[in-house]
Amino acid sequence: MATIFGEQRRFCVSSLALLLATASAPAAGAADVAVAAVIVEPASPGVSAICGLRVRLKNSGTGAISNFRFAVKVDGQDVTLYKTHSYAVNIDAGKTDELALYNFHSPAAAKAFDVQVTLLEAEWVQVKREGTTTTTTPTGSVTGLPVAGSLTVKMSGGK
């Protein structure tokens with residue numbers, strides 16, 4: 001009889017370990033936020049031109065999101081400025097909004113180049129509006145990140 005209880009105890013311990021492992025693992029599937037578009041202006045910049053950068057985020061979740069951290073690559077190079085910055089903009093559930101990111105210079109030679117924007121982190125937030133005051137309280141991290149979008153920019157006079 002001791003072996004039966006030993007087997008049952010091993011089964012219970014194994015089942016508990018499996019339950020704990022799956023409880024802490026993020027849910028598979030798409031994130032509730034997506035990079036819907038990467039926008040560069042002007043659309044066909046000249047050599048070493050200042051370019052505006054915006055990202056369009058779509059919130060498919062059931063709550064508001066905010067506190068975004070990005071990684072940006074221009075022509076394959078990391079833009080290190082994003083490592084220390086975050087954006088505290090609220091996007092309500094079911095909405096899409098654009099965030100203006102930092103400007104950058106186009107390459108010094110006329111050629112097509114890629115701009116990649118990766119959303120590394122975002123938080124679910126509770127938004128409370130009273131008159132002209134808005135209070136945003138973080139309630140947890142958005143799972144399923146990172147998500148990314150990219151755009152190939154063709155420079156004027158380029159190939």
# chains A, B, ... in the order shown; residues from 1 in each chain; ligands from 1
>>> residues_around(residues="Ala148 (chain A)", least_positions_apart="4", cutoff="10 Å", atoms="only C-alpha atoms", output="PyMOL selection string")
chain A and resi 34-38+70-72+116-120
>>> closest_residue(among="A:Val55, A:Ala49, A:Leu81, A:Leu145", to="Ala108 (chain A)", atoms="only C-alpha atoms")
A:Ala49
>>> residues_around(residues="region 59-69 of chain A", least_positions_apart="6", cutoff="6 Å", atoms="only C-alpha atoms", output="list in words")
Asp32, Val33, Ser86, Tyr87, Ala88, Val89, Asn90, Ile91, Asp92, Ala93, Gly94, Lys95, Leu120, Glu121, Ala122, Glu123, Trp124 and Val125 of chain A
>>> residues_around(residues="region 98-101 of chain A", least_positions_apart="4", cutoff="8 Å", atoms="only C-alpha atoms", output="count of residues only")
7
>>> select_by_dssp(residues="chain A", states="strand (DSSP E)", output="PyMOL selection string")
chain A and resi 33-41+50-59+64-74+77-78+96-100+104-105+113-130+133-141+147-153
>>> closest_residue(among="A:Ala30, A:Gly149, A:Ile50, A:Thr143", to="Tyr102 (chain A)", atoms="only C-alpha atoms")
A:Ile50
>>> closest_residue(among="A:Lys154, A:Lys111, A:Lys58, A:His85", to="Asp97 (chain A)", atoms="only C-alpha atoms")
A:Lys58
